[in-house]
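One structure is given here, and the rest of the page talks about it.
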Amino acid sequence: MSKGRTRTTSLQLAGALLVGVVCLWLSLRGADLASFGAEIASLSLPPVILAMVCVFLVAVTKALRWQWLYGPALPSPTWSTHFAILMISQMLNLVIPVRLGELARLGLMRQEGRQIGVTFGTIVVEKSLDLLAVGLIVLLAVPLVLIPPSLETQLSTGGLLLGGAIFIMLIAIGRFQEVLIDLLARIPEPKQERWARWLGTVRRGIVAVLSSMGSLKGRRLTRVAALTAGIWLLSLLTVQIMFLAFDLSLSWGAPLALMLALTTSNWMPTPPAMIGVVGAVTVAVLSAFGVDQTRGLALGTVLNAVLVGPPVLMGGAALWNRLWQLGAAISLHSLRRAAGLSDDKPEVNAQPQDGNHERT
């Protein structure tokens, strides 16, 4: 590793730890620790277990979407392979705050016979889909939050409408992405150089996201859009169920705001297991809905365990399984190979690519 890269990694680690310390200080400042313990002790366990099931279903759905993003042209590894690799990736991102997960996905799929360029393309499309979904949620959140309470109580109408809107709009963006790119190109340049540079940067980013959708056509676009909508609905449901665990009766706009805040907070360097970040974000968001700091901190602490625990446990199990398949003694080098972070190309799950593999 070069000195420049080592320095960058060290700065990322230091920044992530600093963020965690600051978040812990902000969330604990002024909190009543005795009441905090009472809140934890009085929570209802069945909703917490159900929330963990939702986290597991999100992982299952993401793995299936990733498999479908490869398309039907090439033989595809099984869904279980995609799931295991995705869990290892998420575990690394959660435990080591330098975003090694995507590198692990590239390396592990290379071990499965996938070219790095092809895998990189699927990751780009995946990130673009989620980025578009976040943007659509932000655009639709305000009008949907204004739904009358009489409708809101019927099968969480707001959440269902949000999921349907994400599904329809992703299909529309996928089918008309060339038209949208052309419309972006027709936006006149501002006269001021500063604003012209800003517009150029934003336009290039949007074009890159829209262009990545060009690989999705027909039924594959429909299926991927449906899975993306389902992923975000399950994420919203996870937060909403956690509110039930703490007997919080808030409008569905509260879990929506918390989900968006947690999603965007993960874009910056975060400490291992997001310790401190989830609690601080939960306290900040719920305070706007009248929830006191101690109760918000208790919910955020348990939510942190719910969101982080399943991926870390499943990723650890998947990593141990690959390490066992390598048949090598446990060492830093063998761990790197099992995680796809080594230049070596070991034979893992060496099976012929035949018709028994799932095709999309």
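Chain lettering (A, B, ...) mirrors the order of the structure tokens, residue numbering begins at 1 for each chain separately, and ligand numbering begins at 1 in order of display.
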
Discussion item. List the spatial neighbours of Leu33 in chain A as JSON, numbers by chain - criterion: any atom at most 10 Å away, only C-alpha atoms, same-chain residues fewer than 6 positions off excluded.
Written reply: {"A": [39, 294, 297, 298]}

How would the residues just picked look written out with N, CA, C and O atoms as a PDB file, in the first residue's frame?
ATOM      1  N   GLU A  39     -36.580   2.605  29.803  1.00  0.00           N
ATOM      2  CA  GLU A  39     -37.145   2.521  28.453  1.00  0.00           C
ATOM      3  C   GLU A  39     -36.709   1.233  27.764  1.00  0.00           C
ATOM      4  O   GLU A  39     -37.520   0.542  27.124  1.00  0.00           O
ATOM      5  N   THR A 294     -34.478  11.133  25.979  1.00  0.00           N
ATOM      6  CA  THR A 294     -34.173   9.835  26.568  1.00  0.00           C
ATOM      7  C   THR A 294     -34.864   8.708  25.815  1.00  0.00           C
ATOM      8  O   THR A 294     -34.257   7.665  25.517  1.00  0.00           O
ATOM      9  N   LEU A 297     -33.241   8.302  22.418  1.00  0.00           N
ATOM     10  CA  LEU A 297     -31.934   7.640  22.516  1.00  0.00           C
ATOM     11  C   LEU A 297     -32.107   6.143  22.735  1.00  0.00           C
ATOM     12  O   LEU A 297     -31.367   5.337  22.156  1.00  0.00           O
ATOM     13  N   ALA A 298     -33.085   5.750  23.545  1.00  0.00           N
ATOM     14  CA  ALA A 298     -33.333   4.321  23.774  1.00  0.00           C
ATOM     15  C   ALA A 298     -33.756   3.645  22.477  1.00  0.00           C
ATOM     16  O   ALA A 298     -33.264   2.558  22.137  1.00  0.00           O
TER      17      ALA A 298
END

Per residue of range 217-244 of chain A within 12 Å of range 272-289 of chain A, what are the shortest atom pair and its distance in Å to one decimal, counting only C-alpha atoms, with rows by chain and residue number, as a Markdown table?
| residue | atom | partner | partner_atom | distance |
| --- | --- | --- | --- | --- |
| A:Val239 | CA | A:Thr282 | CA | 10.4 |
| A:Met242 | CA | A:Thr282 | CA | 11.6 |
| A:Phe243 | CA | A:Leu286 | CA | 10.6 |

Write out, as CSV, each residue of range 87-132 of chain A that has an atom at most 10 Å from range 248-271 of chain A, together with the closest pair of atoms and their distance in Å to one decimal, counting only C-alpha atoms, rows going by chain and rising number.
residue,atom,partner,partner_atom,distance
A:Asn93,CA,A:Thr270,CA,9.3
A:Leu94,CA,A:Pro271,CA,8.0
A:Val95,CA,A:Pro271,CA,8.0
A:Ile96,CA,A:Pro271,CA,7.9
A:Pro97,CA,A:Pro271,CA,5.8
A:Val98,CA,A:Pro269,CA,7.4
A:Arg99,CA,A:Pro269,CA,8.5

Any chance you could export the current selection's C-alpha atoms as a tab-separated table (two decimals), in the first residue's frame?
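Output contents, as saved in result_36.tsv:
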chain	number	residue	atom	x	y	z
A	93	ASN	CA	-18.68	-1.63	5.47
A	94	LEU	CA	-20.21	-1.73	8.95
A	95	VAL	CA	-17.19	-3.01	10.86
A	96	ILE	CA	-14.38	-1.22	8.99
A	97	PRO	CA	-15.26	2.43	8.25
A	98	VAL	CA	-13.31	2.75	4.97
A	99	ARG	CA	-15.96	1.34	2.57

Worksheet item: For the atom pair CA of Gly214 in chain A and CA of Gly71 in chain A, what is the interatomic distance in Å to one decimal place?
Response: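 Rounded to one decimal, the two atoms are 12.5 Å apart.
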
Response to the item:
From the list A:Ala229, A:Ala84, A:Leu335, A:Leu43, the nearest residue to Met169 in chain A using only C-alpha atoms is A:Ala229

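Nearest-residue note for Lys127 in chain A: choosing from A:Leu236, A:Leu64, A:Leu86, A:Val209, the minimum distance belongs to A:Val209, counting only C-alpha atoms.
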
Discussion item. If DSSP is run on the backbone, what residues of range 40-152 of chain A are alpha helix (DSSP H)? A reply as a PyMOL selection string would be ideal.
Written reply: chain A and resi 40-42+45-69+79-95+101-111+116-145+149-152

Item to complete: Measuring atom to atom with only C-alpha atoms, identify which of A:Leu237, A:Trp324, A:Ile88, A:Arg295 is nearest to Leu100 in chain A.
Response: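 Closest candidate: A:Ile88.
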
Discussion item. I want to know what sits within 12 Å of Ser42 in chain A, based on only C-alpha atoms, with residues of the same chain fewer than 3 positions away left out; could you give that as a list in words?
Written reply: Ser35, Phe36, Gly37, Ala38, Glu39, Leu45, Ala245, Phe246, Asp247, Arg295, Ala298 and Leu299 of chain A

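Put simply, CA of Ser76 in chain A is 25.0 Å away from CA of Arg175 in chain A.
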
Practice prompt. Could you jot down the CA of Leu307 in chain A to CA of Leu160 in chain A separation for me, Å, one decimal place?
Written response: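 So the two atoms, CA of Leu307 in chain A and CA of Leu160 in chain A, lie 22.3 Å apart.
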
Worksheet item: Skipping near chain neighbours, those fewer than 6 positions away, what residues fall within 12 Å of Ile231 in chain A using only C-alpha atoms, listed as a list in words?
Response: Cys54, Val55, Phe56, Leu57, Val58, Ala59, Val60, Thr61, Lys62, Ala63, Leu64, Arg65, Glu126, Leu129, Asp130, Ala133, Val134, Gly163, Ile166, Phe167, Val224, Ala225, Leu237 and Thr238 of chain A

Discussion item. What's around Val207 in chain A at 9 Å? Count only C-alpha atoms, leave out sequence neighbours fewer than 3 positions away in its own chain, and write the answer as a list in words.
Written reply: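 Near Val207 in chain A, the qualifying residues are Gln177, Leu180, Ile181, Leu184, Val202, Arg203, Arg204, Leu210, Ser211 and Ser212 of chain A.
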
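Taking only C-alpha atoms into account, Leu140 in chain A lies nearest to A:Ala165 out of the set A:Ala165, A:Ser128, A:Arg197, A:Gln240.
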
Worksheet item: Out of A:Met109, A:Ile85, A:Leu69, A:Ala208, which residue has the shortest atom-to-atom distance to Leu132 in chain A when counting only C-alpha atoms?
Response: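 The closest residue to Leu132 in chain A is A:Ala208.
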